[in-house]
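Dumped run_2.cif below, it's mmCIF, C-alpha atoms:
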data_coords
loop_
_atom_site.group_PDB
_atom_site.id
_atom_site.type_symbol
_atom_site.label_atom_id
_atom_site.label_comp_id
_atom_site.auth_asym_id
_atom_site.auth_seq_id
_atom_site.Cartn_x
_atom_site.Cartn_y
_atom_site.Cartn_z
ATOM 1 C CA MET A 1 -8.627 10.745 22.812
ATOM 2 C CA LYS A 2 -10.513 13.593 21.254
ATOM 3 C CA LEU A 3 -8.782 15.374 18.399
ATOM 4 C CA ASP A 4 -8.755 19.120 18.232
ATOM 5 C CA CYS A 5 -8.776 21.037 14.938
ATOM 6 C CA LYS A 6 -5.088 21.829 15.016
ATOM 7 C CA HIS A 7 -4.236 18.156 15.345
ATOM 8 C CA VAL A 8 -6.441 17.372 12.348
ATOM 9 C CA TRP A 9 -4.723 20.083 10.263
ATOM 10 C CA GLU A 10 -1.328 18.573 11.011
ATOM 11 C CA HIS A 11 -2.434 15.309 9.462
ATOM 12 C CA ILE A 12 -4.642 16.570 6.680
ATOM 13 C CA SER A 13 -2.097 15.946 3.941
ATOM 14 C CA GLU A 14 -1.436 12.381 5.097
ATOM 15 C CA TYR A 15 -5.169 11.875 5.457
ATOM 16 C CA ILE A 16 -5.649 12.873 1.813
ATOM 17 C CA ASP A 17 -2.853 10.501 0.774
ATOM 18 C CA LYS A 18 -4.317 7.756 2.978
ATOM 19 C CA THR A 19 -1.025 7.302 4.797
ATOM 20 C CA VAL A 20 -2.335 7.854 8.323
ATOM 21 C CA ASP A 21 -2.702 4.765 10.450
ATOM 22 C CA ALA A 22 -6.132 3.245 10.803
ATOM 23 C CA GLU A 23 -6.796 4.485 14.327
ATOM 24 C CA LEU A 24 -5.924 8.098 13.614
ATOM 25 C CA CYS A 25 -7.865 7.934 10.372
ATOM 26 C CA LYS A 26 -10.951 6.902 12.312
ATOM 27 C CA GLU A 27 -10.518 9.752 14.781
ATOM 28 C CA ILE A 28 -10.106 12.260 11.983
ATOM 29 C CA GLU A 29 -13.257 10.997 10.325
ATOM 30 C CA LEU A 30 -15.169 11.322 13.581
ATOM 31 C CA HIS A 31 -13.919 14.872 13.959
ATOM 32 C CA LEU A 32 -14.825 15.755 10.371
ATOM 33 C CA GLU A 33 -18.377 14.587 10.909
ATOM 34 C CA HIS A 34 -19.085 17.406 13.284
ATOM 35 C CA CYS A 35 -16.490 20.036 12.370
ATOM 36 C CA GLU A 36 -17.464 22.245 9.455
ATOM 37 C CA ILE A 37 -14.221 24.185 9.545
ATOM 38 C CA CYS A 38 -12.026 21.128 9.126
ATOM 39 C CA SER A 39 -14.359 19.682 6.494
ATOM 40 C CA ALA A 40 -14.078 22.903 4.507
ATOM 41 C CA ILE A 41 -10.301 22.880 4.807
ATOM 42 C CA LEU A 42 -10.208 19.293 3.602
ATOM 43 C CA ASP A 43 -12.546 20.050 0.686
ATOM 44 C CA SER A 44 -10.631 23.125 -0.374
ATOM 45 C CA THR A 45 -7.288 21.337 -0.222
ATOM 46 C CA ARG A 46 -8.656 18.422 -2.240
ATOM 47 C CA ASN A 47 -10.074 20.793 -4.823
ATOM 48 C CA ILE A 48 -6.717 22.474 -5.192
ATOM 49 C CA LEU A 49 -5.149 19.072 -5.858
ATOM 50 C CA VAL A 50 -7.808 18.238 -8.442
ATOM 51 C CA LEU A 51 -7.094 21.528 -10.152
ATOM 52 C CA THR A 52 -3.348 20.925 -9.989
ATOM 53 C CA ALA A 53 -3.613 17.536 -11.688
ATOM 54 C CA ASP A 54 -5.809 18.973 -14.438
ATOM 55 C CA ASP A 55 -3.674 19.227 -17.598
ATOM 56 C CA ARG A 56 -5.200 22.594 -18.450
ATOM 57 C CA THR A 57 -3.792 24.243 -15.333
ATOM 58 C CA PHE A 58 -0.151 23.668 -16.126
ATOM 59 C CA GLU A 59 0.073 23.720 -19.888
ATOM 60 C CA LEU A 60 3.088 22.975 -22.009
ATOM 61 C CA PRO A 61 4.478 25.675 -24.316
ATOM 62 C CA VAL A 62 3.013 25.565 -27.820
ATOM 63 C CA GLY A 63 4.919 23.125 -30.033
ATOM 64 C CA TYR A 64 6.954 21.785 -27.113
ATOM 65 C CA SER A 65 6.670 18.077 -27.952
ATOM 66 C CA GLU A 66 7.188 18.650 -31.687
ATOM 67 C CA LYS A 67 10.407 20.564 -31.062
ATOM 68 C CA LEU A 68 11.579 18.021 -28.527
ATOM 69 C CA HIS A 69 11.091 15.080 -30.867
ATOM 70 C CA GLU A 70 12.569 16.959 -33.805
ATOM 71 C CA ARG A 71 15.734 17.531 -31.788
ATOM 72 C CA LEU A 72 15.733 13.906 -30.699
ATOM 73 C CA LYS A 73 15.326 12.784 -34.303
ATOM 74 C CA GLY A 74 18.431 14.745 -35.236
ATOM 75 C CA GLU A 75 20.360 13.148 -32.409
ATOM 76 C CA ILE A 76 19.249 9.660 -33.368
ATOM 77 C CA GLU A 77 20.280 10.291 -36.992
ATOM 78 C CA LYS A 78 23.695 11.402 -35.802
ATOM 79 C CA THR A 79 24.244 8.225 -33.807
ATOM 80 C CA LYS A 80 22.872 5.855 -36.439
ATOM 81 C CA GLN A 81 26.298 5.017 -37.763
ATOM 82 C CA GLU A 82 27.577 4.420 -34.287
ATOM 83 C CA PRO A 83 27.299 1.171 -32.360
ATOM 84 C CA PRO A 84 24.264 0.747 -30.055
ATOM 85 C CA VAL A 85 23.600 3.592 -27.599
ATOM 86 C CA GLY A 86 26.335 3.892 -25.030
ATOM 87 C CA GLY A 87 26.261 3.839 -21.275
ATOM 88 C CA MET B 1 12.789 -2.372 -5.518
ATOM 89 C CA GLN B 2 10.135 -1.674 -8.062
ATOM 90 C CA MET B 3 9.893 -3.603 -11.273
ATOM 91 C CA ILE B 4 9.695 -1.492 -14.352
ATOM 92 C CA ASP B 5 6.843 -1.898 -16.714
ATOM 93 C CA THR B 6 7.544 -4.965 -18.873
ATOM 94 C CA ASN B 7 6.561 -3.188 -22.046
ATOM 95 C CA GLU B 8 8.891 -0.353 -21.130
ATOM 96 C CA ALA B 9 11.664 -2.805 -20.240
ATOM 97 C CA GLY B 10 11.180 -4.477 -23.601
ATOM 98 C CA LEU B 11 11.399 -1.158 -25.408
ATOM 99 C CA ILE B 12 14.570 -0.203 -23.563
ATOM 100 C CA ALA B 13 16.207 -3.540 -24.430
ATOM 101 C CA ARG B 14 15.369 -3.083 -28.110
ATOM 102 C CA ILE B 15 16.681 0.492 -28.171
ATOM 103 C CA VAL B 16 19.928 -0.506 -26.507
ATOM 104 C CA ALA B 17 20.236 -3.360 -28.997
ATOM 105 C CA GLY B 18 20.048 -0.912 -31.871
ATOM 106 C CA GLU B 19 16.428 0.020 -32.688
ATOM 107 C CA LYS B 20 17.170 3.606 -31.816
ATOM 108 C CA GLU B 21 14.033 5.219 -33.264
ATOM 109 C CA LEU B 22 11.988 3.462 -30.599
ATOM 110 C CA PHE B 23 13.347 5.985 -28.126
ATOM 111 C CA HIS B 24 10.650 8.406 -29.335
ATOM 112 C CA GLU B 25 8.040 5.915 -28.215
ATOM 113 C CA LEU B 26 9.737 5.313 -24.876
ATOM 114 C CA ILE B 27 10.001 8.986 -24.009
ATOM 115 C CA ARG B 28 6.679 10.282 -25.335
ATOM 116 C CA PRO B 29 4.620 9.397 -22.243
ATOM 117 C CA TYR B 30 7.095 11.468 -20.207
ATOM 118 C CA ASP B 31 7.286 14.591 -22.399
ATOM 119 C CA ARG B 32 5.073 16.494 -20.017
ATOM 120 C CA MET B 33 6.717 15.205 -16.858
ATOM 121 C CA VAL B 34 10.185 16.247 -18.023
ATOM 122 C CA TYR B 35 9.048 19.775 -18.810
ATOM 123 C CA LEU B 36 7.198 20.213 -15.515
ATOM 124 C CA THR B 37 10.186 18.972 -13.527
ATOM 125 C CA LEU B 38 12.478 21.434 -15.290
ATOM 126 C CA PHE B 39 9.996 24.270 -14.892
ATOM 127 C CA ALA B 40 9.641 23.577 -11.161
ATOM 128 C CA ILE B 41 13.360 24.266 -10.825
ATOM 129 C CA VAL B 42 14.195 26.982 -13.350
ATOM 130 C CA LYS B 43 10.809 28.758 -13.363
ATOM 131 C CA ASN B 44 11.342 30.040 -16.873
ATOM 132 C CA GLU B 45 9.574 28.690 -19.933
ATOM 133 C CA THR B 46 12.462 28.925 -22.404
ATOM 134 C CA GLU B 47 14.990 27.543 -19.946
ATOM 135 C CA ALA B 48 12.628 24.711 -19.058
ATOM 136 C CA GLU B 49 12.075 23.879 -22.714
ATOM 137 C CA ASP B 50 15.794 23.869 -23.530
ATOM 138 C CA GLY B 51 16.515 21.917 -20.372
ATOM 139 C CA ALA B 52 13.871 19.348 -21.274
ATOM 140 C CA GLN B 53 15.542 18.799 -24.640
ATOM 141 C CA GLU B 54 18.934 18.344 -22.998
ATOM 142 C CA THR B 55 17.418 15.931 -20.504
ATOM 143 C CA VAL B 56 15.924 13.758 -23.200
ATOM 144 C CA ILE B 57 19.108 13.782 -25.283
ATOM 145 C CA SER B 58 21.123 12.864 -22.209
ATOM 146 C CA ALA B 59 18.724 10.050 -21.355
ATOM 147 C CA TYR B 60 19.071 8.766 -24.914
ATOM 148 C CA ARG B 61 22.857 8.839 -24.786
ATOM 149 C CA HIS B 62 23.041 7.121 -21.423
ATOM 150 C CA LEU B 63 20.191 4.681 -21.755
ATOM 151 C CA ALA B 64 22.497 1.668 -21.561
ATOM 152 C CA SER B 65 23.489 2.738 -18.051
ATOM 153 C CA PHE B 66 19.879 2.472 -16.885
ATOM 154 C CA ARG B 67 19.846 -0.690 -14.808
ATOM 155 C CA GLY B 68 16.207 -0.994 -13.994
ATOM 156 C CA ASP B 69 16.715 -0.910 -10.236
ATOM 157 C CA ALA B 70 14.623 2.248 -10.148
ATOM 158 C CA LYS B 71 11.655 3.048 -12.345
ATOM 159 C CA PHE B 72 12.547 4.552 -15.695
ATOM 160 C CA SER B 73 10.470 7.614 -14.798
ATOM 161 C CA THR B 74 12.509 8.136 -11.613
ATOM 162 C CA TRP B 75 15.779 7.782 -13.503
ATOM 163 C CA LEU B 76 14.557 10.308 -16.049
ATOM 164 C CA THR B 77 13.362 12.698 -13.337
ATOM 165 C CA THR B 78 16.791 12.561 -11.708
ATOM 166 C CA ILE B 79 18.420 13.591 -14.992
ATOM 167 C CA ALA B 80 15.881 16.408 -15.348
ATOM 168 C CA ILE B 81 16.530 17.641 -11.799
ATOM 169 C CA ASN B 82 20.299 17.652 -12.382
ATOM 170 C CA GLU B 83 19.853 19.533 -15.636
ATOM 171 C CA GLY B 84 17.598 22.070 -13.924
ATOM 172 C CA ARG B 85 20.019 22.614 -11.066
ATOM 173 C CA LYS B 86 22.895 23.017 -13.509
ATOM 174 C CA ARG B 87 20.968 25.730 -15.352
ATOM 175 C CA LEU B 88 20.036 27.424 -12.126
ATOM 176 C CA ARG B 89 23.676 27.548 -11.018
ATOM 177 C CA LYS B 90 24.666 28.991 -14.358
ATOM 178 C CA ALA B 91 21.938 31.616 -14.186
ATOM 179 C CA LYS B 92 22.822 32.613 -10.668
ATOM 180 C CA GLY B 93 26.482 32.869 -11.573
ATOM 181 C CA ALA B 94 29.597 31.730 -9.837
ATOM 182 C CA ALA B 95 29.239 34.472 -7.225
ATOM 183 C CA GLU B 96 26.695 32.435 -5.431
ATOM 184 C CA ASN B 97 28.799 29.520 -4.281
ATOM 185 C CA SER B 98 25.989 27.120 -3.817
ATOM 186 C CA ILE B 99 22.363 26.543 -4.482
ATOM 187 C CA GLU B 100 22.321 23.905 -1.794
ATOM 188 C CA GLU B 101 18.821 23.804 -0.618
ATOM 189 C CA GLU B 102 17.649 25.100 2.643
ATOM 190 C CA GLU B 103 16.352 22.478 5.009
ATOM 191 C CA GLU B 104 12.799 22.690 6.119
ATOM 192 C CA GLY B 105 12.848 24.533 9.422
ATOM 193 C CA HIS B 106 10.670 23.896 12.385
ATOM 194 C CA GLU B 107 9.381 27.404 12.511
ATOM 195 C CA GLY B 108 6.811 28.852 10.216
ATOM 196 C CA ASP B 109 3.096 28.831 10.085
ATOM 197 C CA TYR B 110 1.784 25.987 8.010
ATOM 198 C CA THR B 111 -1.740 25.988 9.231
ATOM 199 C CA PRO B 112 -4.533 26.157 6.684
ATOM 200 C CA ALA B 113 -6.968 29.020 6.349
ATOM 201 C CA PRO B 114 -10.167 28.240 8.199
ATOM 202 C CA LEU B 115 -13.362 28.720 6.300
ATOM 203 C CA THR B 116 -16.685 29.291 7.820
ATOM 204 C CA ASP B 117 -18.990 30.191 4.970
ATOM 205 C CA TRP B 118 -17.976 27.819 2.267
ATOM 206 C CA ARG B 119 -18.180 24.066 1.956
ATOM 207 C CA GLU B 120 -17.221 23.015 -1.499
ATOM 208 C CA ILE B 121 -16.108 24.731 -4.667
ATOM 209 C CA PRO B 122 -18.836 24.334 -7.237
ATOM 210 C CA LEU B 123 -17.508 22.521 -10.294
ATOM 211 C CA GLU B 124 -18.147 25.534 -12.464
ATOM 212 C CA ALA B 125 -15.823 27.589 -10.272
ATOM 213 C CA LEU B 126 -13.059 25.063 -10.846
ATOM 214 C CA GLU B 127 -13.492 25.706 -14.538
ATOM 215 C CA ARG B 128 -12.591 29.360 -14.142
ATOM 216 C CA LYS B 129 -9.444 30.477 -15.864
ATOM 217 C CA GLU B 130 -8.675 32.955 -13.107
ATOM 218 C CA LEU B 131 -8.495 30.183 -10.584
ATOM 219 C CA ARG B 132 -6.008 28.244 -12.692
ATOM 220 C CA GLU B 133 -3.926 31.352 -13.083
ATOM 221 C CA ALA B 134 -4.009 32.002 -9.335
ATOM 222 C CA LEU B 135 -2.872 28.439 -8.721
ATOM 223 C CA ARG B 136 -0.001 28.730 -11.222
ATOM 224 C CA VAL B 137 1.198 31.894 -9.539
ATOM 225 C CA ALA B 138 0.863 30.421 -6.061
ATOM 226 C CA VAL B 139 2.840 27.304 -7.043
ATOM 227 C CA ALA B 140 5.547 29.406 -8.696
ATOM 228 C CA GLU B 141 5.877 31.439 -5.518
ATOM 229 C CA LEU B 142 6.293 28.478 -3.180
ATOM 230 C CA PRO B 143 9.796 28.240 -1.699
ATOM 231 C CA ASP B 144 11.929 25.981 -3.937
ATOM 232 C CA ILE B 145 12.099 22.931 -1.686
ATOM 233 C CA TYR B 146 8.343 22.871 -1.295
ATOM 234 C CA ARG B 147 7.562 23.560 -4.936
ATOM 235 C CA GLN B 148 9.782 20.738 -6.185
ATOM 236 C CA VAL B 149 8.132 18.163 -3.955
ATOM 237 C CA PHE B 150 4.661 19.481 -4.752
ATOM 238 C CA VAL B 151 5.269 19.319 -8.513
ATOM 239 C CA LEU B 152 6.606 15.767 -8.418
ATOM 240 C CA ARG B 153 3.852 14.503 -6.134
ATOM 241 C CA ASP B 154 0.717 16.401 -7.039
ATOM 242 C CA LEU B 155 1.366 17.518 -10.584
ATOM 243 C CA GLU B 156 3.270 14.565 -11.956
ATOM 244 C CA GLU B 157 1.614 12.177 -9.534
ATOM 245 C CA GLN B 158 4.795 10.349 -8.597
ATOM 246 C CA ASN B 159 4.556 8.493 -5.302
ATOM 247 C CA ILE B 160 6.368 9.365 -2.066
ATOM 248 C CA GLU B 161 9.145 6.835 -2.617
ATOM 249 C CA GLU B 162 9.783 7.930 -6.208
ATOM 250 C CA THR B 163 9.787 11.588 -5.209
ATOM 251 C CA ALA B 164 12.251 10.883 -2.405
ATOM 252 C CA GLN B 165 14.555 8.962 -4.744
ATOM 253 C CA ALA B 166 14.485 11.607 -7.460
ATOM 254 C CA LEU B 167 15.193 14.490 -5.069
ATOM 255 C CA ARG B 168 17.590 12.444 -2.932
ATOM 256 C CA ILE B 169 15.773 13.216 0.288
ATOM 257 C CA ASN B 170 14.113 10.831 2.698
ATOM 258 C CA PRO B 171 10.414 9.941 2.459
ATOM 259 C CA GLY B 172 9.742 11.713 5.757
ATOM 260 C CA ALA B 173 11.008 14.967 4.289
ATOM 261 C CA VAL B 174 8.780 14.453 1.250
ATOM 262 C CA LYS B 175 5.744 14.165 3.515
ATOM 263 C CA VAL B 176 6.640 17.229 5.578
ATOM 264 C CA ARG B 177 7.383 19.384 2.541
ATOM 265 C CA LEU B 178 4.287 18.216 0.723
ATOM 266 C CA HIS B 179 2.079 18.971 3.685
ATOM 267 C CA ARG B 180 3.513 22.454 4.033
ATOM 268 C CA ALA B 181 3.258 23.137 0.307
ATOM 269 C CA ARG B 182 -0.390 22.099 0.262
ATOM 270 C CA MET B 183 -1.228 24.177 3.314
ATOM 271 C CA MET B 184 0.523 27.221 1.874
ATOM 272 C CA LEU B 185 -1.445 26.845 -1.343
ATOM 273 C CA GLN B 186 -4.700 26.339 0.513
ATOM 274 C CA LYS B 187 -4.069 29.501 2.468
ATOM 275 C CA ARG B 188 -3.161 31.448 -0.650
ATOM 276 C CA LEU B 189 -6.126 30.308 -2.701
ATOM 277 C CA VAL B 190 -8.938 30.332 -0.222
ATOM 278 C CA PRO B 191 -9.403 34.103 -0.104
ATOM 279 C CA PHE B 192 -9.389 34.058 -3.867
ATOM 280 C CA LEU B 193 -12.032 31.372 -3.963
ATOM 281 C CA LYS B 194 -14.182 33.219 -1.510
ATOM 282 C CA THR B 195 -14.239 36.277 -3.700
ATOM 283 C CA THR B 196 -14.779 34.479 -6.983
ATOM 284 C CA VAL B 197 -17.258 31.827 -6.025
ATOM 285 C CA PRO B 198 -20.743 33.243 -6.336
ATOM 286 C CA ALA B 199 -22.450 33.340 -2.995
ATOM 287 C CA ARG B 200 -24.973 30.694 -3.837
ATOM 288 C CA ARG B 201 -25.746 28.696 -0.820
ATOM 289 C CA GLY B 202 -26.569 25.057 -0.962
ATOM 290 C CA PHE B 203 -25.210 24.633 -4.450
ATOM 291 C CA PHE B 204 -25.201 20.894 -4.103
ATOM 292 C CA GLY B 205 -28.429 20.884 -2.244
ATOM 293 C CA ARG B 206 -26.620 20.672 1.051
ATOM 294 C CA ALA B 207 -28.037 22.502 3.999
ATOM 295 C CA LEU B 208 -25.422 25.022 5.019
#
What does this structure look like when you write it as structure tokens?
Amino acid sequence: MKLDCKHVWEHISEYIDKTVDAELCKEIELHLEHCEICSAILDSTRNILVLTADDRTFELPVGYSEKLHERLKGEIEKTKQEPPVGG
Amino acid sequence: MQMIDTNEAGLIARIVAGEKELFHELIRPYDRMVYLTLFAIVKNETEAEDGAQETVISAYRHLASFRGDAKFSTWLTTIAINEGRKRLRKAKGAAENSIEEEEEGHEGDYTPAPLTDWREIPLEALERKELREALRVAVAELPDIYRQVFVLRDLEEQNIEETAQALRINPGAVKVRLHRARMMLQKRLVPFLKTTVPARRGFFGRAL
């Protein structure tokens, strides 16, 4: 069976995650070898994921962790006199 | 069933037994994850920050009820999601009777944007601040059900099973939503990339 572009697009996400079965994976790879459009779509999608996972893209508010742990410290202090943390 | 990290399991046992300060150590690797999960739901920095604090406090108070049949990170994500949804309901007011999520429909165009004159984003383009900003905006504008899956999977790098557990949806729905989210983002960002990437052909020495 020869895959058309639309079929490849439907599976591009699973292809990136390596969750397509071996046979389909092979067919997609064959298609990508000669299809510049699908290769570009794959590259651009992958690049977006690289950018997404980059800590600089989605930054935490300034002082976030400090405030969080300060609050937690207060809570721990409060419960110090109590028996071990409850369920 | 996934086994939790033995070091983490050890920490949890010690905290429950009374070494409460160790909770800082347990939670620190997840500071970022908790915030991002909250932000994916409430889409507001202050709300996300407050919600993250509540999540962590709640996790601390209820740690003894963590049974280790899910990963600690999944358990924590579930608390964060509940906290986020609670805040969202409050913000939207009682008038709106439910924030029950829409199901993914069968309609809609989730095809990517075809490119004909571009092969690969040069690394220096990925360094551009504008591109990061465009991505942040595009993610924020994804429909809720798609954004939540995308954030858990591609931002926090949780796996399909963990994402499904945390959002209480089936793994098939995670895959469908993730695919659609990625395609929507690709479509949104490609025109932007085309206009910001300098038209230098063969950047990587590839014949184009």
Skip Lys6 (chain A) itself and residues of its chain fewer than 3 positions away, then list as a short mmCIF file (atom, residue, chain, number, x, y, z; two decimals) with C-alpha atoms, in the frame of the given file all residues within 12 Å of it, counting all atoms listed in the file.
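selection15.cif written:
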data_model
loop_
_atom_site.label_atom_id
_atom_site.label_comp_id
_atom_site.auth_asym_id
_atom_site.auth_seq_id
_atom_site.Cartn_x
_atom_site.Cartn_y
_atom_site.Cartn_z
CA LYS A 2 -10.51 13.59 21.25
CA LEU A 3 -8.78 15.37 18.40
CA TRP A 9 -4.72 20.08 10.26
CA GLU A 10 -1.33 18.57 11.01
CA HIS A 11 -2.43 15.31 9.46
CA ILE A 12 -4.64 16.57 6.68
CA ILE A 28 -10.11 12.26 11.98
CA HIS A 31 -13.92 14.87 13.96
CA CYS A 35 -16.49 20.04 12.37
CA ILE A 37 -14.22 24.18 9.54
CA CYS A 38 -12.03 21.13 9.13
CA ILE A 41 -10.30 22.88 4.81
CA ASP B 109 3.10 28.83 10.09
CA TYR B 110 1.78 25.99 8.01
CA THR B 111 -1.74 25.99 9.23
CA PRO B 112 -4.53 26.16 6.68
CA ALA B 113 -6.97 29.02 6.35
CA PRO B 114 -10.17 28.24 8.20
#
Do you know which residues the PyMOL selection byres ((chain B and resi 27-36) around 8) returns on this file, as a ChimeraX atom specification?
-> /A:60,65 /B:23-26,37-40,48-49,51-52,55-56,73,76-77,80,151,156
Selection under test: the PyMOL selection byres ((chain A) within 7 of (chain B)); residues as a PDB file with C-alpha atoms, in the frame of the given file:
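And here is the file that came out, selection06.pdb:
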ATOM      1  CA  TRP A   9      -4.723  20.083  10.263  1.00  0.00           C
ATOM      2  CA  SER A  13      -2.097  15.946   3.941  1.00  0.00           C
ATOM      3  CA  ILE A  37     -14.221  24.185   9.545  1.00  0.00           C
ATOM      4  CA  ALA A  40     -14.078  22.903   4.507  1.00  0.00           C
ATOM      5  CA  ILE A  41     -10.301  22.880   4.807  1.00  0.00           C
ATOM      6  CA  ASP A  43     -12.546  20.050   0.686  1.00  0.00           C
ATOM      7  CA  SER A  44     -10.631  23.125  -0.374  1.00  0.00           C
ATOM      8  CA  THR A  45      -7.288  21.337  -0.222  1.00  0.00           C
ATOM      9  CA  LEU A  49      -5.149  19.072  -5.858  1.00  0.00           C
ATOM     10  CA  LEU A  51      -7.094  21.528 -10.152  1.00  0.00           C
ATOM     11  CA  THR A  52      -3.348  20.925  -9.989  1.00  0.00           C
ATOM     12  CA  ALA A  53      -3.613  17.536 -11.688  1.00  0.00           C
ATOM     13  CA  THR A  57      -3.792  24.243 -15.333  1.00  0.00           C
ATOM     14  CA  SER A  65       6.670  18.077 -27.952  1.00  0.00           C
ATOM     15  CA  LEU A  68      11.579  18.021 -28.527  1.00  0.00           C
ATOM     16  CA  HIS A  69      11.091  15.080 -30.867  1.00  0.00           C
ATOM     17  CA  LEU A  72      15.733  13.906 -30.699  1.00  0.00           C
ATOM     18  CA  ILE A  76      19.249   9.660 -33.368  1.00  0.00           C
ATOM     19  CA  PRO A  84      24.264   0.747 -30.055  1.00  0.00           C
ATOM     20  CA  VAL A  85      23.600   3.592 -27.599  1.00  0.00           C
ATOM     21  CA  GLY A  86      26.335   3.892 -25.030  1.00  0.00           C
ATOM     22  CA  GLY A  87      26.261   3.839 -21.275  1.00  0.00           C
TER      23      GLY A  87
END
Distance in Å - CA of Arg177 (chain B) versus CA of Glu14 (chain A) |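 Going from CA of Arg177 (chain B) over to CA of Glu14 (chain A) covers 11.5 Å.
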Anything within 9 Å of (15.9, 17.1, -5.5): list those residues as a PyMOL selection string, counting all atoms listed in the file and sticking to the file's coordinates.
-> chain B and resi 78+81-82+85+101+145+148-149+163-169
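Here CA of Leu30 (chain A) and CA of Phe192 (chain B) stand 29.2 Å from one another.
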In Å, with one decimal, what is the gap from CA of Pro171 (chain B) to CA of Trp75 (chain B)?
->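 Between CA of Pro171 (chain B) and CA of Trp75 (chain B) the gap is 17.0 Å.
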With 6 Å added on each side, what axis-aligned box encloses every listed atom of region 78-93 of chain B? Give the centre and edge lengths in Å to one decimal, as JSON.
{"center_x": 21.2, "center_y": 22.7, "center_z": -13.2, "size_x": 22.6, "size_y": 32.3, "size_z": 17.0}
What would region 148-159 of chain B look like with N, CA and C atoms in place, written as a PDB file, keeping the file's coordinate frame?
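Everything below was put into selection_32.pdb:
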ATOM      1  N   GLN B 148       9.279  21.921  -5.477  1.00  0.00           N
ATOM      2  CA  GLN B 148       9.782  20.738  -6.185  1.00  0.00           C
ATOM      3  C   GLN B 148       9.058  19.464  -5.743  1.00  0.00           C
ATOM      4  N   VAL B 149       8.855  19.337  -4.451  1.00  0.00           N
ATOM      5  CA  VAL B 149       8.132  18.163  -3.955  1.00  0.00           C
ATOM      6  C   VAL B 149       6.681  18.189  -4.428  1.00  0.00           C
ATOM      7  N   PHE B 150       6.064  19.356  -4.346  1.00  0.00           N
ATOM      8  CA  PHE B 150       4.661  19.481  -4.752  1.00  0.00           C
ATOM      9  C   PHE B 150       4.482  19.106  -6.228  1.00  0.00           C
ATOM     10  N   VAL B 151       5.381  19.594  -7.073  1.00  0.00           N
ATOM     11  CA  VAL B 151       5.269  19.319  -8.513  1.00  0.00           C
ATOM     12  C   VAL B 151       5.428  17.825  -8.798  1.00  0.00           C
ATOM     13  N   LEU B 152       6.408  17.203  -8.182  1.00  0.00           N
ATOM     14  CA  LEU B 152       6.606  15.767  -8.418  1.00  0.00           C
ATOM     15  C   LEU B 152       5.429  14.940  -7.914  1.00  0.00           C
ATOM     16  N   ARG B 153       4.933  15.289  -6.732  1.00  0.00           N
ATOM     17  CA  ARG B 153       3.852  14.503  -6.134  1.00  0.00           C
ATOM     18  C   ARG B 153       2.480  14.819  -6.732  1.00  0.00           C
ATOM     19  N   ASP B 154       2.109  16.083  -6.722  1.00  0.00           N
ATOM     20  CA  ASP B 154       0.717  16.401  -7.039  1.00  0.00           C
ATOM     21  C   ASP B 154       0.468  16.790  -8.490  1.00  0.00           C
ATOM     22  N   LEU B 155       1.537  17.160  -9.187  1.00  0.00           N
ATOM     23  CA  LEU B 155       1.366  17.518 -10.584  1.00  0.00           C
ATOM     24  C   LEU B 155       1.708  16.311 -11.450  1.00  0.00           C
ATOM     25  N   GLU B 156       2.830  15.710 -11.164  1.00  0.00           N
ATOM     26  CA  GLU B 156       3.270  14.565 -11.956  1.00  0.00           C
ATOM     27  C   GLU B 156       2.745  13.254 -11.380  1.00  0.00           C
ATOM     28  N   GLU B 157       2.201  13.328 -10.215  1.00  0.00           N
ATOM     29  CA  GLU B 157       1.614  12.177  -9.534  1.00  0.00           C
ATOM     30  C   GLU B 157       2.596  11.024  -9.332  1.00  0.00           C
ATOM     31  N   GLN B 158       3.822  11.372  -8.991  1.00  0.00           N
ATOM     32  CA  GLN B 158       4.795  10.349  -8.597  1.00  0.00           C
ATOM     33  C   GLN B 158       4.537  10.035  -7.119  1.00  0.00           C
ATOM     34  N   ASN B 159       4.847   8.824  -6.691  1.00  0.00           N
ATOM     35  CA  ASN B 159       4.556   8.493  -5.302  1.00  0.00           C
ATOM     36  C   ASN B 159       5.660   8.995  -4.355  1.00  0.00           C
TER      37      ASN B 159
END
